[in-house]
>>> print(open('entry.txt').read())   # compact mmCIF, C-alpha atoms
# COMPACT_ATOMS: atom_id res chain seq x y z
CA MET A 23 -9.27 26.30 24.63
CA SER A 24 -12.38 24.46 23.71
CA TRP A 25 -10.81 22.26 21.02
CA LEU A 26 -8.90 20.49 23.79
CA ASN A 27 -12.18 19.64 25.49
CA GLU A 28 -13.28 17.64 22.48
CA ILE A 29 -10.47 15.16 23.07
CA ARG A 30 -11.39 11.98 24.91
CA TRP A 31 -8.35 11.47 27.13
CA ASN A 32 -7.61 7.94 28.29
CA ARG A 33 -7.66 6.84 31.93
CA ASP A 34 -4.16 8.26 32.36
CA GLY A 35 -5.16 11.63 30.92
CA LEU A 36 -3.24 10.95 27.71
CA ILE A 37 -3.95 10.64 24.02
CA PRO A 38 -1.95 8.50 21.55
CA VAL A 39 -0.08 10.56 18.98
CA ILE A 40 1.18 9.39 15.61
CA ALA A 41 3.94 11.54 14.12
CA GLN A 42 3.94 11.47 10.33
CA ASP A 43 6.28 13.11 7.84
CA TRP A 44 4.47 15.94 6.09
CA GLN A 45 6.07 15.20 2.70
CA THR A 46 6.57 11.44 2.40
CA GLY A 47 3.71 10.36 4.66
CA ARG A 48 6.05 8.03 6.47
CA ILE A 49 5.09 7.26 10.04
CA LEU A 50 8.05 8.35 12.11
CA MET A 51 7.09 7.63 15.70
CA PHE A 52 4.29 7.00 18.14
CA ALA A 53 3.97 8.53 21.58
CA TYR A 54 1.47 10.12 23.94
CA ALA A 55 0.44 13.65 24.83
CA ASN A 56 -1.35 15.05 27.82
CA ARG A 57 -3.41 18.23 27.74
CA THR A 58 -0.43 20.51 28.36
CA ALA A 59 1.68 18.83 25.69
CA LEU A 60 -1.06 19.12 23.08
CA ALA A 61 -1.76 22.74 23.98
CA LEU A 62 1.95 23.60 23.72
CA THR A 63 2.24 21.76 20.41
CA ALA A 64 -0.50 23.88 18.90
CA GLU A 65 0.76 27.09 20.48
CA LYS A 66 4.48 26.73 19.76
CA GLY A 67 4.28 24.81 16.50
CA THR A 68 6.71 22.13 17.63
CA ALA A 69 5.81 18.66 18.84
CA HIS A 70 5.40 18.14 22.58
CA TYR A 71 4.62 14.81 24.20
CA TRP A 72 4.22 13.26 27.62
CA SER A 73 7.04 10.85 28.33
CA ARG A 74 5.56 7.87 30.14
CA SER A 75 8.97 6.41 30.98
CA ARG A 76 10.34 9.65 32.43
CA ASN A 77 6.95 10.83 33.66
CA LYS A 78 7.44 14.36 32.39
CA LEU A 79 6.60 16.77 29.63
CA TRP A 80 8.80 16.10 26.62
CA HIS A 81 9.60 18.74 24.06
CA LYS A 82 10.87 16.46 21.30
CA GLY A 83 14.32 17.64 20.24
CA GLU A 84 15.19 19.34 23.52
CA ASP A 85 18.17 16.99 23.96
CA SER A 86 18.97 16.03 20.37
CA GLY A 87 18.09 19.17 18.47
CA HIS A 88 15.75 17.02 16.41
CA TYR A 89 12.67 19.18 16.84
CA GLN A 90 9.50 18.42 14.94
CA ARG A 91 7.86 21.36 13.21
CA ILE A 92 4.09 21.01 13.09
CA HIS A 93 2.32 21.32 9.76
CA GLU A 94 -1.02 19.93 10.79
CA ILE A 95 -2.78 18.29 13.72
CA ARG A 96 -5.48 15.74 12.89
CA MET A 97 -8.01 13.96 15.08
CA ASP A 98 -9.87 10.71 14.49
CA CYS A 99 -13.58 9.92 14.52
CA ASP A 100 -13.55 8.78 18.15
CA GLU A 101 -11.65 11.86 19.31
CA ASP A 102 -9.10 9.67 21.04
CA VAL A 103 -6.08 9.68 18.70
CA VAL A 104 -4.25 12.54 17.00
CA ILE A 105 -1.71 12.80 14.22
CA TYR A 106 1.08 15.34 14.25
CA VAL A 107 1.97 15.98 10.61
CA ILE A 108 5.53 17.19 10.97
CA GLU A 109 8.77 18.25 9.43
CA GLN A 110 11.50 16.32 11.23
CA GLN A 111 14.58 18.43 11.93
CA GLY A 112 17.76 16.47 11.23
CA GLY A 113 15.76 13.74 9.49
CA ILE A 114 15.96 11.49 12.55
CA ALA A 115 12.95 10.77 14.75
CA CYS A 116 14.10 7.56 16.44
CA HIS A 117 16.41 7.40 19.46
CA THR A 118 18.30 4.61 17.65
CA GLY A 119 19.48 7.20 15.11
CA ARG A 120 17.09 6.12 12.37
CA GLU A 121 14.62 8.21 10.43
CA SER A 122 11.65 6.28 11.77
CA CYS A 123 11.00 4.15 14.84
CA PHE A 124 9.27 1.65 12.54
CA TYR A 125 12.44 0.21 11.09
CA ARG A 126 11.49 -3.44 11.33
CA LYS A 127 9.07 -5.40 9.23
CA LEU A 128 7.70 -8.88 9.55
CA GLN A 129 9.15 -11.26 7.02
CA GLY A 130 7.89 -14.79 7.39
CA ASP A 131 8.29 -15.46 11.11
CA GLU A 132 10.93 -12.82 11.76
CA TRP A 133 11.23 -9.12 12.37
CA VAL A 134 13.79 -7.84 9.87
CA ILE A 135 15.55 -4.48 10.10
CA THR A 136 14.99 -2.49 6.90
CA ASP A 137 16.47 0.90 7.82
CA GLU A 138 19.99 1.95 8.46
CA VAL A 139 21.24 4.01 11.38
CA LEU A 140 21.87 7.54 10.07
CA LYS A 141 23.71 8.80 13.12
CA ASP A 142 25.18 7.07 16.14
CA PRO A 143 22.94 7.74 19.16
CA LYS A 144 26.08 8.56 21.19
CA ASP A 145 26.61 11.52 18.86
CA ILE A 146 22.97 12.56 18.98
CA TYR A 147 22.76 12.77 22.75
CA ARG A 148 26.34 13.58 23.62
CA ASN A 149 25.45 16.81 25.41
CA THR A 150 22.95 15.26 27.76
CA MET B 92 5.36 -18.14 16.81
CA SER B 93 8.36 -16.44 18.29
CA TRP B 94 7.87 -13.09 16.54
CA LEU B 95 4.75 -12.59 18.64
CA ASN B 96 6.82 -13.01 21.78
CA GLU B 97 8.89 -9.98 20.87
CA ILE B 98 5.84 -7.75 21.22
CA ARG B 99 5.50 -5.90 24.49
CA TRP B 100 1.75 -6.11 25.10
CA ASN B 101 0.19 -3.43 27.28
CA ARG B 102 -1.48 -4.14 30.62
CA ASP B 103 -4.63 -5.18 28.77
CA GLY B 104 -2.74 -7.62 26.55
CA LEU B 105 -3.11 -5.32 23.55
CA ILE B 106 -0.88 -3.44 21.14
CA PRO B 107 -1.82 -0.20 19.34
CA VAL B 108 -2.13 -0.64 15.58
CA ILE B 109 -1.90 2.09 12.95
CA ALA B 110 -3.45 1.19 9.60
CA GLN B 111 -1.79 2.98 6.71
CA ASP B 112 -2.59 2.94 3.00
CA TRP B 113 0.11 1.03 1.15
CA GLN B 114 0.11 3.42 -1.83
CA THR B 115 -0.65 6.92 -0.56
CA GLY B 116 0.80 6.52 2.93
CA ARG B 117 -2.36 8.03 4.36
CA ILE B 118 -3.16 6.96 7.91
CA LEU B 119 -6.60 5.38 7.70
CA MET B 120 -7.39 4.27 11.23
CA PHE B 121 -6.06 3.40 14.64
CA ALA B 122 -7.12 0.44 16.73
CA TYR B 123 -5.74 -2.33 18.93
CA ALA B 124 -4.82 -5.96 18.45
CA ASN B 125 -4.39 -8.78 20.92
CA ARG B 126 -2.15 -11.77 20.31
CA THR B 127 -4.81 -13.73 18.44
CA ALA B 128 -5.72 -10.78 16.21
CA LEU B 129 -2.10 -10.15 15.27
CA ALA B 130 -1.45 -13.84 14.61
CA LEU B 131 -4.54 -14.07 12.38
CA THR B 132 -3.55 -10.89 10.53
CA ALA B 133 -0.21 -12.39 9.62
CA GLU B 134 -1.66 -15.80 8.81
CA LYS B 135 -4.70 -14.73 6.78
CA GLY B 136 -3.30 -11.56 5.22
CA THR B 137 -6.26 -9.43 6.26
CA ALA B 138 -6.40 -7.03 9.18
CA HIS B 139 -7.73 -8.33 12.48
CA TYR B 140 -8.13 -6.22 15.61
CA TRP B 141 -9.46 -6.47 19.12
CA SER B 142 -12.56 -4.34 19.54
CA ARG B 143 -12.37 -2.72 22.95
CA SER B 144 -15.95 -1.42 22.77
CA ARG B 145 -17.44 -4.78 21.81
CA ASN B 146 -14.81 -6.77 23.71
CA LYS B 147 -14.31 -9.24 20.89
CA LEU B 148 -12.08 -10.21 18.03
CA TRP B 149 -12.79 -8.00 15.04
CA HIS B 150 -12.07 -9.05 11.49
CA LYS B 151 -12.24 -5.64 9.84
CA GLY B 152 -14.71 -5.79 6.97
CA GLU B 153 -16.73 -8.70 8.33
CA ASP B 154 -19.84 -6.49 8.45
CA SER B 155 -19.08 -3.90 5.75
CA GLY B 156 -17.09 -5.92 3.22
CA HIS B 157 -14.36 -3.33 3.68
CA TYR B 158 -11.56 -5.79 4.36
CA GLN B 159 -7.98 -4.61 4.63
CA ARG B 160 -5.44 -6.60 2.68
CA ILE B 161 -2.06 -6.67 4.41
CA HIS B 162 1.01 -5.62 2.48
CA GLU B 163 3.38 -5.23 5.38
CA ILE B 164 3.48 -5.35 9.16
CA ARG B 165 5.95 -3.04 10.88
CA MET B 166 7.04 -2.75 14.51
CA ASP B 167 8.60 0.17 16.35
CA CYS B 168 11.80 0.44 18.37
CA ASP B 169 10.04 -0.21 21.68
CA GLU B 170 8.19 -3.25 20.34
CA ASP B 171 4.91 -1.82 21.56
CA VAL B 172 3.25 -0.41 18.41
CA VAL B 173 2.70 -1.94 14.99
CA ILE B 174 1.68 -0.62 11.60
CA TYR B 175 -0.54 -2.56 9.23
CA VAL B 176 0.35 -1.35 5.73
CA ILE B 177 -2.84 -2.17 3.88
CA GLU B 178 -4.93 -2.03 0.78
CA GLN B 179 -8.37 -0.85 1.85
CA GLN B 180 -11.18 -2.67 0.07
CA GLY B 181 -13.91 -0.26 -0.97
CA GLY B 182 -11.69 2.72 -0.19
CA ILE B 183 -13.48 3.33 3.12
CA ALA B 184 -11.85 2.61 6.47
CA CYS B 185 -13.97 4.80 8.75
CA HIS B 186 -17.37 3.81 10.13
CA THR B 187 -18.58 7.32 9.18
CA GLY B 188 -18.21 6.34 5.51
CA ARG B 189 -15.02 8.27 4.93
CA GLU B 190 -11.71 7.03 3.58
CA SER B 191 -9.88 7.78 6.81
CA CYS B 192 -10.89 8.18 10.43
CA PHE B 193 -8.63 11.22 10.57
CA TYR B 194 -10.98 13.52 8.70
CA ARG B 195 -10.65 16.53 10.99
CA LYS B 196 -7.79 18.96 11.32
CA LEU B 197 -7.11 21.71 13.77
CA GLN B 198 -7.55 25.14 12.25
CA GLY B 199 -7.01 27.94 14.74
CA ASP B 200 -9.06 26.86 17.72
CA GLU B 201 -11.40 24.56 15.86
CA TRP B 202 -11.52 21.04 14.50
CA VAL B 203 -12.55 21.34 10.86
CA ILE B 204 -13.84 18.47 8.72
CA THR B 205 -11.70 18.13 5.59
CA ASP B 206 -13.03 14.87 4.11
CA GLU B 207 -16.35 14.06 2.56
CA VAL B 208 -18.50 11.05 3.31
CA LEU B 209 -18.08 8.61 0.42
CA LYS B 210 -20.92 6.31 1.40
CA ASP B 211 -23.76 6.62 3.87
CA PRO B 212 -23.02 4.40 6.89
CA LYS B 213 -26.59 3.10 6.69
CA ASP B 214 -25.71 1.63 3.30
CA ILE B 215 -22.41 0.24 4.51
CA TYR B 216 -23.84 -1.70 7.41
CA ARG B 217 -27.33 -2.40 6.13
CA ASN B 218 -26.94 -6.17 6.40
CA THR B 219 -25.91 -6.19 10.04
>>> encode(input="entry.txt", output="C-alpha cells")
Amino acid sequence: MSWLNEIRWNRDGLIPVIAQDWQTGRILMFAYANRTALALTAEKGTAHYWSRSRNKLWHKGEDSGHYQRIHEIRMDCDEDVVIYVIEQQGGIACHTGRESCFYRKLQGDEWVITDEVLKDPKDIYRNT
Amino acid sequence: MSWLNEIRWNRDGLIPVIAQDWQTGRILMFAYANRTALALTAEKGTAHYWSRSRNKLWHKGEDSGHYQRIHEIRMDCDEDVVIYVIEQQGGIACHTGRESCFYRKLQGDEWVITDEVLKDPKDIYRNT
C-alpha cells in the first residue's frame, strides 16, 4: 500500500497520532501507530495504535468496548503526524473514564482538572 | 515553576505539542516544546516551540508574523503531551501557506489535498 510509504516513521518505526472527535473537534487522545496499526486502521475502519508501554498492537476498545470508528485520516505537511478523526464509542476515550485525556488546563501556575469522570475505570475494565 | 515539573519530558527533553484553533477546534499544527519554550509560552502568551530541524528555540511567527496567541494550555492524563489552544494570526499556521498543516486526507489508497494555499510561502517569508 503505497500511501503507507509516504509516511516518515520515527526512529522507533512509529508515527504520532492525534485522535479527534469528528463532530465537536475535541482532541480526545494522543498515541502512536506503527505501520501495521495504521494499515489496520484504514482497512478495518476502527482505530489501531501501537502501545509503547505494553509493546504491542493495540486495537482501541478491545478491553473497554470503547472502539473508535474512523471518519477520516489526515496527514501533516512533514508526513510525520496523522490525525484519526473518529466517533468515540461510549463517549469515553481516556482510561481515567473521561471523554478526553486532555482534562487538565493550566490556570496560573497550576494544572486544574476541568472534566468530570463519566464512568469509574473499574467498571470500564472489569472484564480484563 | 512547579507546573513544569509535572511534565514528563521525553528522552530528548521535549514534549509533543498540538496547536488547535480556539474557535473552530481545527488542529493547525504539531511540534515540540522544551522546558524553556513551554515556560515562555505561558509567560508571554504566544506559542513557543523547540525546532528539531534547526535545533533552536522557535517563537512561532518570528519570521512570518504569524504569531499564535495562547488561549489555553492543556495537558493529557500521562503528562506527556500538551495542547496549545490558540488564535492564529494571519490565519496561516503551515509553512506551505495553508491554514493547517493537516491539509491531506486519505481517500482510498491515496493522500488527497483538501486545502488551498492561502498565501505563497515566498511572500510569507520574504524578509528572512
>>> interface_residues(input="entry.txt", of="chain B", to="chain A", cutoff="8 Å", atoms="only C-alpha atoms", output="JSON, numbers by chain")
{"B": [92, 93, 94, 115, 116, 117, 120, 121, 163, 164, 165, 166, 167, 168, 172, 173, 174, 185, 187, 192, 193, 194, 195, 196, 197, 200, 201, 202]}
>>> axis_aligned_box(input="entry.txt", around="stretch 48-67 of chain A", padding_each_side="6 Å", output="JSON")
{"center_x": 2.3, "center_y": 17.0, "center_z": 17.4, "size_x": 23.5, "size_y": 32.1, "size_z": 33.9}
>>> atom_distance(input="entry.txt", atom1="atom CA of A:Lys141", atom2="atom CA of A:Glu109")
18.1 Å
>>> atom_distance(input="entry.txt", atom1="atom CA of A:Asp142", atom2="atom CA of A:Glu121")
12.1 Å
>>> closest_residue(input="entry.txt", among="B:Val108, B:Arg102, B:Gln159, B:His139", to="B:Ile177", atoms="all atoms listed in the file")
B:Gln159
>>> atom_distance(input="entry.txt", atom1="atom CA of B:Lys135", atom2="atom CA of B:Ile183")
20.4 Å
>>> closest_residue(input="entry.txt", among="A:Ser86, A:His93, A:Tyr106, A:Ser73", to="A:Ile146", atoms="all atoms listed in the file")
A:Ser86
>>> closest_residue(input="entry.txt", among="B:Leu129, B:Ala184, B:Val208, B:Val176", to="B:Ala110", atoms="all atoms listed in the file")
B:Val176
>>> residues_around(input="entry.txt", residues="stretch 145-150 of chain B", least_positions_apart="3", cutoff="12 Å", atoms="only C-alpha atoms", output="mmCIF file with C-alpha atoms, keeping the file's coordinate frame")
data_model
loop_
_atom_site.group_PDB
_atom_site.id
_atom_site.type_symbol
_atom_site.label_atom_id
_atom_site.label_comp_id
_atom_site.auth_asym_id
_atom_site.auth_seq_id
_atom_site.Cartn_x
_atom_site.Cartn_y
_atom_site.Cartn_z
ATOM 1 C CA ASP B 103 -4.630 -5.180 28.770
ATOM 2 C CA LEU B 105 -3.110 -5.320 23.550
ATOM 3 C CA ALA B 122 -7.120 0.440 16.730
ATOM 4 C CA TYR B 123 -5.740 -2.330 18.930
ATOM 5 C CA ALA B 124 -4.820 -5.960 18.450
ATOM 6 C CA ASN B 125 -4.390 -8.780 20.920
ATOM 7 C CA ARG B 126 -2.150 -11.770 20.310
ATOM 8 C CA THR B 127 -4.810 -13.730 18.440
ATOM 9 C CA ALA B 128 -5.720 -10.780 16.210
ATOM 10 C CA LEU B 129 -2.100 -10.150 15.270
ATOM 11 C CA ALA B 130 -1.450 -13.840 14.610
ATOM 12 C CA LEU B 131 -4.540 -14.070 12.380
ATOM 13 C CA THR B 132 -3.550 -10.890 10.530
ATOM 14 C CA LYS B 135 -4.700 -14.730 6.780
ATOM 15 C CA GLY B 136 -3.300 -11.560 5.220
ATOM 16 C CA THR B 137 -6.260 -9.430 6.260
ATOM 17 C CA ALA B 138 -6.400 -7.030 9.180
ATOM 18 C CA HIS B 139 -7.730 -8.330 12.480
ATOM 19 C CA TYR B 140 -8.130 -6.220 15.610
ATOM 20 C CA TRP B 141 -9.460 -6.470 19.120
ATOM 21 C CA SER B 142 -12.560 -4.340 19.540
ATOM 22 C CA GLU B 153 -16.730 -8.700 8.330
ATOM 23 C CA ASP B 154 -19.840 -6.490 8.450
ATOM 24 C CA SER B 155 -19.080 -3.900 5.750
ATOM 25 C CA GLY B 156 -17.090 -5.920 3.220
ATOM 26 C CA HIS B 157 -14.360 -3.330 3.680
ATOM 27 C CA TYR B 158 -11.560 -5.790 4.360
ATOM 28 C CA GLN B 159 -7.980 -4.610 4.630
ATOM 29 C CA ARG B 160 -5.440 -6.600 2.680
#
>>> closest_residue(input="entry.txt", among="B:Gln180, B:Trp100, B:Ser144, B:Lys151", to="B:Trp113", atoms="all atoms listed in the file")
B:Gln180
>>> build_atoms(input="entry.txt", residues="stretch 156-167 of chain B", atoms="all heavy atoms", output="PDB file, in the coordinates of the input")
ATOM      1  N   GLY B 156     -17.784  -5.492   4.441  1.00  0.00           N
ATOM      2  CA  GLY B 156     -17.090  -5.920   3.220  1.00  0.00           C
ATOM      3  C   GLY B 156     -15.810  -5.137   2.986  1.00  0.00           C
ATOM      4  O   GLY B 156     -15.067  -5.430   2.046  1.00  0.00           O
ATOM      5  N   HIS B 157     -15.550  -4.158   3.847  1.00  0.00           N
ATOM      6  CA  HIS B 157     -14.360  -3.330   3.680  1.00  0.00           C
ATOM      7  C   HIS B 157     -13.145  -3.969   4.360  1.00  0.00           C
ATOM      8  O   HIS B 157     -12.606  -3.441   5.335  1.00  0.00           O
ATOM      9  CB  HIS B 157     -14.601  -1.924   4.215  1.00  0.00           C
ATOM     10  CG  HIS B 157     -15.636  -1.161   3.430  1.00  0.00           C
ATOM     11  ND1 HIS B 157     -16.270  -0.037   3.905  1.00  0.00           N
ATOM     12  CD2 HIS B 157     -16.146  -1.364   2.192  1.00  0.00           C
ATOM     13  CE1 HIS B 157     -17.133   0.409   3.001  1.00  0.00           C
ATOM     14  NE2 HIS B 157     -17.082  -0.380   1.948  1.00  0.00           N
ATOM     15  N   TYR B 158     -12.738  -5.092   3.826  1.00  0.00           N
ATOM     16  CA  TYR B 158     -11.560  -5.790   4.360  1.00  0.00           C
ATOM     17  C   TYR B 158     -10.294  -4.986   4.076  1.00  0.00           C
ATOM     18  O   TYR B 158     -10.280  -4.126   3.199  1.00  0.00           O
ATOM     19  CB  TYR B 158     -11.439  -7.186   3.734  1.00  0.00           C
ATOM     20  CG  TYR B 158     -12.564  -8.109   4.118  1.00  0.00           C
ATOM     21  CD1 TYR B 158     -13.643  -8.304   3.257  1.00  0.00           C
ATOM     22  CD2 TYR B 158     -12.559  -8.775   5.340  1.00  0.00           C
ATOM     23  CE1 TYR B 158     -14.706  -9.140   3.616  1.00  0.00           C
ATOM     24  CE2 TYR B 158     -13.609  -9.615   5.700  1.00  0.00           C
ATOM     25  CZ  TYR B 158     -14.679  -9.791   4.842  1.00  0.00           C
ATOM     26  OH  TYR B 158     -15.723 -10.608   5.199  1.00  0.00           O
ATOM     27  N   GLN B 159      -9.272  -5.287   4.822  1.00  0.00           N
ATOM     28  CA  GLN B 159      -7.980  -4.610   4.630  1.00  0.00           C
ATOM     29  C   GLN B 159      -6.934  -5.661   4.314  1.00  0.00           C
ATOM     30  O   GLN B 159      -6.587  -6.480   5.165  1.00  0.00           O
ATOM     31  CB  GLN B 159      -7.605  -3.838   5.901  1.00  0.00           C
ATOM     32  CG  GLN B 159      -8.601  -2.739   6.245  1.00  0.00           C
ATOM     33  CD  GLN B 159      -8.269  -2.006   7.537  1.00  0.00           C
ATOM     34  OE1 GLN B 159      -7.683  -2.574   8.454  1.00  0.00           O
ATOM     35  NE2 GLN B 159      -8.635  -0.731   7.603  1.00  0.00           N
ATOM     36  N   ARG B 160      -6.440  -5.623   3.096  1.00  0.00           N
ATOM     37  CA  ARG B 160      -5.440  -6.600   2.680  1.00  0.00           C
ATOM     38  C   ARG B 160      -4.050  -6.137   3.132  1.00  0.00           C
ATOM     39  O   ARG B 160      -3.644  -5.015   2.862  1.00  0.00           O
ATOM     40  CB  ARG B 160      -5.470  -6.762   1.163  1.00  0.00           C
ATOM     41  CG  ARG B 160      -4.655  -7.930   0.680  1.00  0.00           C
ATOM     42  CD  ARG B 160      -5.399  -8.775  -0.334  1.00  0.00           C
ATOM     43  NE  ARG B 160      -5.672  -8.033  -1.557  1.00  0.00           N
ATOM     44  CZ  ARG B 160      -4.866  -7.998  -2.621  1.00  0.00           C
ATOM     45  NH1 ARG B 160      -3.729  -8.658  -2.599  1.00  0.00           N
ATOM     46  NH2 ARG B 160      -5.187  -7.334  -3.703  1.00  0.00           N
ATOM     47  N   ILE B 161      -3.355  -7.016   3.813  1.00  0.00           N
ATOM     48  CA  ILE B 161      -2.060  -6.670   4.410  1.00  0.00           C
ATOM     49  C   ILE B 161      -0.945  -6.719   3.372  1.00  0.00           C
ATOM     50  O   ILE B 161      -0.781  -7.713   2.666  1.00  0.00           O
ATOM     51  CB  ILE B 161      -1.707  -7.659   5.543  1.00  0.00           C
ATOM     52  CG1 ILE B 161      -2.731  -7.588   6.672  1.00  0.00           C
ATOM     53  CG2 ILE B 161      -0.289  -7.409   6.064  1.00  0.00           C
ATOM     54  CD1 ILE B 161      -2.706  -6.331   7.492  1.00  0.00           C
ATOM     55  N   HIS B 162      -0.186  -5.627   3.309  1.00  0.00           N
ATOM     56  CA  HIS B 162       1.010  -5.620   2.480  1.00  0.00           C
ATOM     57  C   HIS B 162       2.268  -5.759   3.330  1.00  0.00           C
ATOM     58  O   HIS B 162       3.250  -6.336   2.889  1.00  0.00           O
ATOM     59  CB  HIS B 162       1.073  -4.333   1.651  1.00  0.00           C
ATOM     60  CG  HIS B 162       0.176  -4.374   0.459  1.00  0.00           C
ATOM     61  ND1 HIS B 162       0.628  -4.522  -0.818  1.00  0.00           N
ATOM     62  CD2 HIS B 162      -1.173  -4.327   0.359  1.00  0.00           C
ATOM     63  CE1 HIS B 162      -0.392  -4.557  -1.669  1.00  0.00           C
ATOM     64  NE2 HIS B 162      -1.495  -4.427  -0.971  1.00  0.00           N
ATOM     65  N   GLU B 163       2.194  -5.236   4.531  1.00  0.00           N
ATOM     66  CA  GLU B 163       3.380  -5.230   5.380  1.00  0.00           C
ATOM     67  C   GLU B 163       2.935  -5.031   6.828  1.00  0.00           C
ATOM     68  O   GLU B 163       1.958  -4.330   7.082  1.00  0.00           O
ATOM     69  CB  GLU B 163       4.274  -4.058   4.957  1.00  0.00           C
ATOM     70  CG  GLU B 163       5.749  -4.235   5.171  1.00  0.00           C
ATOM     71  CD  GLU B 163       6.524  -3.144   4.431  1.00  0.00           C
ATOM     72  OE1 GLU B 163       6.756  -2.078   5.030  1.00  0.00           O
ATOM     73  OE2 GLU B 163       6.879  -3.359   3.269  1.00  0.00           O
ATOM     74  N   ILE B 164       3.671  -5.634   7.739  1.00  0.00           N
ATOM     75  CA  ILE B 164       3.480  -5.350   9.160  1.00  0.00           C
ATOM     76  C   ILE B 164       4.796  -4.815   9.698  1.00  0.00           C
ATOM     77  O   ILE B 164       5.841  -5.435   9.502  1.00  0.00           O
ATOM     78  CB  ILE B 164       3.048  -6.606   9.947  1.00  0.00           C
ATOM     79  CG1 ILE B 164       1.727  -7.154   9.392  1.00  0.00           C
ATOM     80  CG2 ILE B 164       2.907  -6.290  11.432  1.00  0.00           C
ATOM     81  CD1 ILE B 164       1.267  -8.453  10.044  1.00  0.00           C
ATOM     82  N   ARG B 165       4.738  -3.662  10.345  1.00  0.00           N
ATOM     83  CA  ARG B 165       5.950  -3.040  10.880  1.00  0.00           C
ATOM     84  C   ARG B 165       5.857  -2.884  12.391  1.00  0.00           C
ATOM     85  O   ARG B 165       4.766  -2.761  12.928  1.00  0.00           O
ATOM     86  CB  ARG B 165       6.185  -1.657  10.248  1.00  0.00           C
ATOM     87  CG  ARG B 165       6.570  -1.724   8.793  1.00  0.00           C
ATOM     88  CD  ARG B 165       7.250  -0.448   8.294  1.00  0.00           C
ATOM     89  NE  ARG B 165       8.000  -0.741   7.087  1.00  0.00           N
ATOM     90  CZ  ARG B 165       9.313  -0.967   7.046  1.00  0.00           C
ATOM     91  NH1 ARG B 165      10.040  -0.882   8.148  1.00  0.00           N
ATOM     92  NH2 ARG B 165       9.907  -1.254   5.918  1.00  0.00           N
ATOM     93  N   MET B 166       6.998  -2.881  13.043  1.00  0.00           N
ATOM     94  CA  MET B 166       7.040  -2.750  14.510  1.00  0.00           C
ATOM     95  C   MET B 166       8.015  -1.641  14.873  1.00  0.00           C
ATOM     96  O   MET B 166       9.011  -1.424  14.170  1.00  0.00           O
ATOM     97  CB  MET B 166       7.505  -4.075  15.119  1.00  0.00           C
ATOM     98  CG  MET B 166       7.609  -4.048  16.637  1.00  0.00           C
ATOM     99  SD  MET B 166       7.943  -5.694  17.342  1.00  0.00           S
ATOM    100  CE  MET B 166       9.609  -6.003  16.762  1.00  0.00           C
ATOM    101  N   ASP B 167       7.741  -0.965  15.970  1.00  0.00           N
ATOM    102  CA  ASP B 167       8.600   0.170  16.350  1.00  0.00           C
ATOM    103  C   ASP B 167       9.744  -0.265  17.276  1.00  0.00           C
ATOM    104  O   ASP B 167       9.837  -1.420  17.687  1.00  0.00           O
ATOM    105  CB  ASP B 167       7.761   1.285  16.985  1.00  0.00           C
ATOM    106  CG  ASP B 167       7.393   0.979  18.416  1.00  0.00           C
ATOM    107  OD1 ASP B 167       7.286  -0.223  18.770  1.00  0.00           O
ATOM    108  OD2 ASP B 167       7.214   1.918  19.198  1.00  0.00           O
TER     109      ASP B 167
END
